[in-house]
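The structure file upload.txt is reproduced below (compact mmCIF, C-alpha atoms).
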```txt
# COMPACT_ATOMS: atom_id res chain seq x y z
CA MET A 1 107.80 124.22 107.34
CA PRO A 2 109.49 124.47 110.76
CA GLU A 3 109.77 128.14 111.67
CA ALA A 4 113.18 127.49 113.24
CA MET A 5 114.62 126.70 109.82
CA LYS A 6 113.65 130.04 108.29
CA LYS A 7 116.23 132.79 108.10
CA ASP A 8 115.76 136.55 108.12
CA ILE A 9 116.06 136.58 104.35
CA CYS A 10 113.73 137.41 101.45
CA PHE A 11 113.91 136.24 97.84
CA PHE A 12 113.51 139.07 95.32
CA LEU A 13 112.24 137.73 91.99
CA PRO A 14 111.78 140.30 89.19
CA THR A 15 109.76 139.80 86.00
CA ARG A 16 108.30 142.32 83.60
CA LYS A 17 106.19 142.71 80.49
CA GLY A 18 107.74 143.05 77.08
CA SER A 19 110.57 140.55 76.89
CA GLN A 20 112.12 141.20 73.50
CA ARG A 21 114.58 138.37 72.92
CA VAL A 22 112.22 135.58 74.03
CA LYS A 23 108.56 136.54 73.68
CA SER A 24 106.54 136.00 76.90
CA LYS A 25 109.56 134.14 78.24
CA ASN A 26 108.43 134.01 81.87
CA THR A 27 104.94 132.58 81.44
CA ARG A 28 104.75 130.79 78.08
CA PRO A 29 104.47 127.00 78.44
CA PHE A 30 107.84 125.45 79.22
CA ALA A 31 108.38 121.73 78.56
CA GLY A 32 104.65 121.23 79.07
CA VAL A 33 104.54 123.22 82.32
CA GLU A 34 101.68 125.72 82.38
CA GLY A 35 102.86 129.03 83.76
CA GLY A 36 106.27 128.45 82.24
CA ILE A 37 109.62 129.10 83.87
CA LEU A 38 107.91 131.39 86.39
CA ALA A 39 105.80 128.47 87.64
CA VAL A 40 108.91 126.26 87.76
CA LYS A 41 110.79 128.88 89.76
CA LEU A 42 107.96 129.61 92.19
CA ARG A 43 107.53 125.90 92.86
CA GLN A 44 111.25 125.63 93.64
CA LEU A 45 111.19 128.68 95.91
CA MET A 46 108.06 127.57 97.76
CA GLN A 47 109.89 124.35 98.67
CA CYS A 48 112.83 126.22 100.23
CA GLN A 49 113.28 125.63 103.95
CA THR A 50 115.19 128.81 104.76
CA LEU A 51 113.31 131.64 103.03
CA GLN A 52 111.24 133.98 105.16
CA ARG A 53 109.38 135.44 102.19
CA ILE A 54 109.29 135.46 98.39
CA VAL A 55 108.59 138.78 96.66
CA LEU A 56 107.51 138.71 93.01
CA SER A 57 108.18 142.21 91.69
CA THR A 58 106.43 142.69 88.36
CA ASN A 59 104.22 144.81 86.14
CA ASP A 60 103.10 141.75 84.17
CA GLU A 61 99.53 140.64 84.75
CA GLU A 62 100.23 137.12 83.50
CA SER A 63 103.05 136.75 86.06
CA MET A 64 100.70 137.97 88.78
CA GLU A 65 98.08 135.43 87.77
CA VAL A 66 100.59 132.55 87.80
CA ALA A 67 101.69 133.54 91.32
CA ARG A 68 98.14 133.85 92.63
CA ARG A 69 97.18 130.51 91.09
CA MET A 70 100.13 128.79 92.76
CA ASP A 71 99.76 130.51 96.14
CA PRO A 72 96.17 131.79 96.44
CA SER A 73 96.61 132.85 100.07
CA GLY A 74 99.76 134.85 99.36
CA GLU A 75 101.30 133.22 102.41
CA ARG A 76 104.56 132.29 100.65
CA VAL A 77 104.61 134.53 97.58
CA GLN A 78 103.85 138.23 97.87
CA VAL A 79 103.12 139.97 94.57
CA ILE A 80 104.24 143.61 94.59
CA VAL A 81 103.37 145.65 91.51
CA ARG A 82 106.49 147.35 90.23
CA PRO A 83 106.21 150.87 88.80
CA ASP A 84 106.34 150.88 85.01
CA HIS A 85 109.32 153.23 84.93
CA LEU A 86 111.33 150.45 86.59
CA CYS A 87 110.25 147.90 83.97
CA LEU A 88 111.58 149.52 80.80
CA ASP A 89 114.30 148.21 78.49
CA THR A 90 116.12 151.42 79.34
CA THR A 91 115.76 151.08 83.13
CA ALA A 92 119.17 151.13 84.76
CA LEU A 93 119.88 148.13 86.95
CA THR A 94 121.10 150.50 89.66
CA ASP A 95 117.63 152.09 89.78
CA LEU A 96 116.01 148.69 90.32
CA ILE A 97 118.60 147.83 92.98
CA ALA A 98 117.80 151.09 94.81
CA TYR A 99 114.09 150.16 94.75
CA VAL A 100 114.51 146.73 96.36
CA PRO A 101 115.04 147.86 100.00
CA GLU A 102 111.87 149.96 99.67
CA ILE A 103 109.78 146.78 99.39
CA VAL A 104 111.95 144.26 101.28
CA THR A 105 112.17 144.61 105.06
CA GLU A 106 114.15 141.47 105.88
CA SER A 107 117.78 141.94 106.91
CA HIS A 108 119.13 139.89 104.00
CA ILE A 109 118.12 139.61 100.36
CA ILE A 110 118.66 136.90 97.78
CA TRP A 111 118.09 138.09 94.21
CA GLY A 112 117.44 135.47 91.54
CA HIS A 113 115.73 134.98 88.20
CA THR A 114 113.17 132.75 86.52
CA THR A 115 115.69 132.18 83.73
CA THR A 116 117.76 129.72 85.80
CA PRO A 117 115.29 126.81 85.87
CA PHE A 118 117.76 124.23 87.17
CA ILE A 119 118.45 125.91 90.52
CA ASP A 120 116.12 124.01 92.84
CA ALA A 121 115.07 124.47 96.46
CA ALA A 122 117.96 122.42 97.83
CA GLU A 123 120.45 124.54 95.90
CA TYR A 124 118.96 127.78 97.22
CA ASP A 125 119.03 126.41 100.75
CA ARG A 126 122.69 125.42 100.29
CA GLY A 127 123.54 128.88 98.95
CA ILE A 128 121.80 130.62 101.85
CA ALA A 129 123.49 128.40 104.44
CA LEU A 130 126.86 129.04 102.81
CA TYR A 131 126.20 132.79 102.76
CA TYR A 132 125.62 132.89 106.52
CA GLU A 133 128.68 130.69 107.07
CA LYS A 134 130.84 133.02 104.98
CA LEU A 135 129.52 136.12 106.76
CA ALA A 136 131.11 134.70 109.91
CA ALA A 137 134.36 134.26 107.95
CA GLY A 138 134.52 137.93 106.91
CA TYR A 139 132.73 137.92 103.55
CA ASP A 140 129.83 140.32 103.04
CA SER A 141 127.96 138.70 100.13
CA LEU A 142 127.69 135.69 97.83
CA ILE A 143 127.58 135.47 94.04
CA SER A 144 126.89 132.24 92.16
CA VAL A 145 129.37 131.62 89.36
CA MET A 146 130.47 129.04 86.82
CA PRO A 147 134.22 128.31 86.55
CA LEU A 148 135.62 128.97 83.07
CA GLN A 149 138.86 127.57 81.65
CA ASN A 150 139.10 128.16 77.92
CA PHE A 151 140.91 130.22 75.32
CA LEU A 152 139.55 133.76 75.29
CA LEU A 153 140.34 136.28 72.55
CA ASP A 154 139.64 139.99 72.26
CA ALA A 155 138.10 141.65 69.19
CA GLN A 156 141.48 141.69 67.47
CA ALA A 157 141.99 137.95 68.10
CA ASN A 158 144.64 138.63 70.72
CA VAL A 159 144.83 136.15 73.56
CA PHE A 160 142.98 137.71 76.49
CA ASN A 161 143.43 135.52 79.54
CA TYR A 162 146.97 134.11 79.53
CA ASP A 163 150.50 134.79 78.32
CA ALA A 164 150.67 133.28 74.85
CA GLY A 165 154.41 133.87 74.48
CA ALA A 166 156.19 130.52 74.22
CA ASN A 167 153.13 128.30 74.33
CA ARG A 168 150.15 129.70 72.48
CA TRP A 169 148.03 126.58 73.03
CA PRO A 170 148.54 125.24 76.55
CA ARG A 171 146.21 122.58 77.91
CA THR A 172 142.91 124.16 78.90
CA GLN A 173 143.22 122.65 82.39
CA ASP A 174 146.44 124.66 82.80
CA LEU A 175 144.76 127.98 82.01
CA PRO A 176 143.92 130.33 84.87
CA VAL A 177 140.43 129.80 86.24
CA LEU A 178 138.04 132.66 85.54
CA TYR A 179 134.46 132.88 86.81
CA GLU A 180 131.32 133.72 84.87
CA VAL A 181 128.43 135.22 86.84
CA ASN A 182 125.52 132.88 86.15
CA HIS A 183 122.70 135.05 87.60
CA ALA A 184 121.34 132.24 89.77
CA MET A 185 121.77 134.06 93.09
CA PHE A 186 123.14 137.27 94.53
CA ILE A 187 122.96 137.40 98.35
CA THR A 188 123.82 140.26 100.64
CA SER A 189 122.35 142.40 103.39
CA ARG A 190 119.61 144.97 102.98
CA GLU A 191 122.06 147.43 104.53
CA ILE A 192 124.43 147.06 101.57
CA TYR A 193 121.53 147.70 99.21
CA ARG A 194 120.74 150.88 101.16
CA LYS A 195 124.26 152.19 101.71
CA ASP A 196 126.07 151.07 98.57
CA SER A 197 123.20 150.74 96.07
CA ASN A 198 124.49 147.31 95.15
CA ARG A 199 123.31 143.70 95.35
CA VAL A 200 126.78 142.47 96.34
CA GLY A 201 129.33 143.83 98.78
CA VAL A 202 133.03 144.59 98.48
CA LYS A 203 134.09 141.08 99.56
CA PRO A 204 131.81 138.53 97.87
CA PHE A 205 132.24 134.79 98.18
CA LEU A 206 132.13 133.03 94.79
CA TYR A 207 129.78 130.05 94.95
CA GLU A 208 130.74 127.68 92.13
CA GLN A 209 128.00 125.84 90.25
CA ASP A 210 128.22 123.41 87.35
CA LYS A 211 127.20 124.09 83.76
CA ILE A 212 123.66 122.70 84.02
CA LYS A 213 122.84 124.61 87.22
CA SER A 214 124.38 127.70 85.60
CA PHE A 215 122.23 127.47 82.48
CA ASP A 216 120.56 130.86 81.90
CA ILE A 217 117.77 131.47 79.38
CA ASP A 218 118.59 134.63 77.48
CA TRP A 219 117.73 133.85 73.85
CA GLN A 220 115.18 131.72 72.00
CA ASP A 221 117.78 129.00 71.40
CA ASP A 222 118.44 128.90 75.16
CA PHE A 223 114.72 128.40 75.81
CA LEU A 224 114.58 125.40 73.46
CA ILE A 225 117.76 123.86 74.92
CA ALA A 226 116.46 124.37 78.46
CA GLU A 227 113.21 122.59 77.57
CA ALA A 228 115.21 119.61 76.29
CA ILE A 229 117.33 119.50 79.47
CA TYR A 230 114.25 119.79 81.67
CA ASP A 231 112.49 116.99 79.78
CA LYS A 232 115.54 114.74 80.08
CA LEU A 233 116.69 115.41 83.65
CA PHE A 234 114.08 117.19 85.71
CA LYS A 235 110.55 116.45 84.54
CA LEU A 236 108.65 114.26 86.99
```

With the file now loaded, output its structure as structure tokens.
Amino acid sequence: MPEAMKKDICFFLPTRKGSQRVKSKNTRPFAGVEGGILAVKLRQLMQCQTLQRIVLSTNDEESMEVARRMDPSGERVQVIVRPDHLCLDTTALTDLIAYVPEIVTESHIIWGHTTTPFIDAAEYDRGIALYYEKLAAGYDSLISVMPLQNFLLDAQANVFNYDAGANRWPRTQDLPVLYEVNHAMFITSREIYRKDSNRVGVKPFLYEQDKIKSFDIDWQDDFLIAEAIYDKLFKL
């Protein structure tokens, strides 16, 4: 990889033991891929042209083994053992955010997850390039999102996202556009992590991605659907 293409940016990839909703979700075989969605994600990240470093933060021995098998030299992927108190179901996300600048020294950080298996190297490189472009335009961070235009109701079945007065059922394309955070990438500076204890700033740019790229594995059904999509569209 040409050194000139690399940016002063590190990818922070967290995994942990004890996934409750999808057992061994990170490393169980996925669509025939040994090492599972972690192996898929590491392969994507190792093909990125712009990343300075990839940090796998984990307390899971199986995750560590997958990383070492894929990058024995540790040249691209650095495994950093995360303290167990930051790997609990009860761990506050803000505590994990505060920990990141302790182990990442690069000036900028991109935080992503194994559970978005359809975000490939080219998409990460596009997101990083767009982040730097938007910094120059006055933004301080980037969040990947999926546009959402649909009828939303609250718990009492009241319309939530538009004025239902005269026209309770407008065309969905006429509804206001909302944005769902898809967890594919959060990019901001290490300084914002340190000063604000946040992984986004006060003026984030919303990077829109389609439904397939935005697919996030959270439940067992999601895992099965993702395997079917991967088999159909992505498996070599």

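With all atoms listed in the file as the basis for measurement, A:His113 is the residue among A:His113, A:His183, A:Lys213, A:Arg68 that approaches Lys41 of chain A most closely.
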
Interatomic distance (Å, one decimal) between atom CA of Leu142 of chain A and atom CA of Ile103 of chain A: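 Computed distance, atom CA of Leu142 of chain A to atom CA of Ile103 of chain A, equals 21.1 Å.
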
Between atom CA of Val100 of chain A and atom CA of Arg28 of chain A, distance in Å (one decimal):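 One can read the atom CA of Val100 of chain A to atom CA of Arg28 of chain A distance as 26.1 Å.
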
Two-atom distance - atom CA of Arg126 of chain A, atom CA of Gln209 of chain A (Å): 11.4 Å

Selected residue of minimal separation from Glu102 of chain A among A:Tyr179, A:Phe151, A:Tyr193, A:Phe234, counting all atoms listed in the file: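 Under the stated criterion, the closest residue is A:Tyr193.
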
Using only C-alpha atoms: which of A:Thr27, A:Thr50, A:Thr15, A:Ser57 has the shortest distance to Ile128 of chain A: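 Comparing A:Thr27, A:Thr50, A:Thr15, A:Ser57 against Ile128 of chain A, the winner is A:Thr50.
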
Distance criterion (all atoms listed in the file): nearest to Tyr207 of chain A out of A:Asn59, A:Thr188, A:Ser107, A:Ser144: A:Ser144

Spatial neighbours of Gln52 of chain A, 7 Å, only C-alpha atoms, chain gap at least 4 places, as a list in words: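 What passes the distance filter is Lys6, Lys7, Asp8, Ile9 and Cys10 of chain A.
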
Output file for the selection above: C-alpha atoms, as an mmCIF file, in the frame of the given file:
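So selection15.cif came out as:
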```
data_model
loop_
_atom_site.group_PDB
_atom_site.id
_atom_site.type_symbol
_atom_site.label_atom_id
_atom_site.label_comp_id
_atom_site.auth_asym_id
_atom_site.auth_seq_id
_atom_site.Cartn_x
_atom_site.Cartn_y
_atom_site.Cartn_z
ATOM 1 C CA LYS A 6 113.650 130.040 108.290
ATOM 2 C CA LYS A 7 116.230 132.790 108.100
ATOM 3 C CA ASP A 8 115.760 136.550 108.120
ATOM 4 C CA ILE A 9 116.060 136.580 104.350
ATOM 5 C CA CYS A 10 113.730 137.410 101.450
#
```

Residue contacts of segment 54-56 of chain A (9 Å, all atoms listed in the file) excluding same-chain residues fewer than 2 positions away, as a list in words: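 The filter keeps Cys10, Phe11, Phe12, Leu13, Pro14, Thr15, Leu42, Leu45, Met46, Leu51, Gln52, Thr58, Ser63, Met64, Ala67, Arg76, Val77, Gln78, Val79, Ile80, Val81, Ile103 and Val104 of chain A.
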
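Of the listed residues A:Trp219, A:Tyr124, A:Tyr230, A:Trp111, the one whose atoms come nearest to Lys25 of chain A is A:Trp219, with distances taken using all atoms listed in the file.
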
Residue nearest Asp125 of chain A - candidates A:Thr90, A:Asp231, A:Gly112, A:Cys48, atoms counted: all atoms listed in the file: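 Between A:Thr90, A:Asp231, A:Gly112, A:Cys48, the residue approaching Asp125 of chain A most closely is A:Cys48.
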
Non-local contacts of Thr114 of chain A (7 Å; all atoms listed in the file; under 4 positions in same chain excluded) as a PyMOL selection string: chain A and resi 26+37-38+41

If I only have part of segment 96-119 of chain A, can you fill in N, CA and C atoms and write it as a tab-separated table (two decimals), in the coordinates of the input?
```
chain	number	residue	atom	x	y	z
A	96	LEU	N	116.78	149.81	89.78
A	96	LEU	CA	116.01	148.69	90.32
A	96	LEU	C	116.61	148.24	91.65
A	97	ILE	N	117.94	148.20	91.73
A	97	ILE	CA	118.60	147.83	92.98
A	97	ILE	C	118.20	148.80	94.10
A	98	ALA	N	118.17	150.09	93.80
A	98	ALA	CA	117.80	151.09	94.81
A	98	ALA	C	116.36	150.92	95.28
A	99	TYR	N	115.51	150.35	94.42
A	99	TYR	CA	114.09	150.16	94.75
A	99	TYR	C	113.87	148.98	95.69
A	100	VAL	N	114.74	147.97	95.62
A	100	VAL	CA	114.51	146.73	96.36
A	100	VAL	C	114.35	146.95	97.87
A	101	PRO	N	115.23	147.70	98.54
A	101	PRO	CA	115.04	147.86	100.00
A	101	PRO	C	113.80	148.67	100.37
A	102	GLU	N	113.13	149.28	99.40
A	102	GLU	CA	111.87	149.96	99.67
A	102	GLU	C	110.74	148.96	99.89
A	103	ILE	N	110.87	147.76	99.30
A	103	ILE	CA	109.78	146.78	99.39
A	103	ILE	C	110.18	145.54	100.18
A	104	VAL	N	111.46	145.39	100.49
A	104	VAL	CA	111.95	144.26	101.28
A	104	VAL	C	112.39	144.77	102.64
A	105	THR	N	111.84	144.17	103.70
A	105	THR	CA	112.17	144.61	105.06
A	105	THR	C	113.10	143.64	105.78
A	106	GLU	N	113.25	142.43	105.26
A	106	GLU	CA	114.15	141.47	105.88
A	106	GLU	C	115.58	141.99	105.87
A	107	SER	N	116.39	141.47	106.77
A	107	SER	CA	117.78	141.94	106.91
A	107	SER	C	118.68	141.51	105.77
A	108	HIS	N	118.30	140.42	105.09
A	108	HIS	CA	119.13	139.89	104.00
A	108	HIS	C	118.25	139.61	102.79
A	109	ILE	N	118.86	139.73	101.61
A	109	ILE	CA	118.12	139.61	100.36
A	109	ILE	C	118.86	138.66	99.43
A	110	ILE	N	118.13	137.72	98.86
A	110	ILE	CA	118.66	136.90	97.78
A	110	ILE	C	117.91	137.26	96.50
A	111	TRP	N	118.66	137.66	95.50
A	111	TRP	CA	118.09	138.09	94.21
A	111	TRP	C	118.35	136.98	93.21
A	112	GLY	N	117.29	136.51	92.55
A	112	GLY	CA	117.44	135.47	91.54
A	112	GLY	C	116.47	135.69	90.41
A	113	HIS	N	116.51	134.80	89.42
A	113	HIS	CA	115.73	134.98	88.20
A	113	HIS	C	115.00	133.71	87.79
A	114	THR	N	113.90	133.89	87.07
A	114	THR	CA	113.17	132.75	86.52
A	114	THR	C	114.00	132.02	85.47
A	115	THR	N	114.96	132.71	84.89
A	115	THR	CA	115.69	132.18	83.73
A	115	THR	C	116.76	131.16	84.09
A	116	THR	N	116.84	130.79	85.38
A	116	THR	CA	117.76	129.72	85.80
A	116	THR	C	116.92	128.56	86.33
A	117	PRO	N	116.29	127.79	85.44
A	117	PRO	CA	115.29	126.81	85.87
A	117	PRO	C	115.86	125.58	86.56
A	118	PHE	N	117.18	125.43	86.59
A	118	PHE	CA	117.76	124.23	87.17
A	118	PHE	C	118.38	124.48	88.54
A	119	ILE	N	118.09	125.63	89.13
A	119	ILE	CA	118.45	125.91	90.52
A	119	ILE	C	117.22	125.57	91.36
```
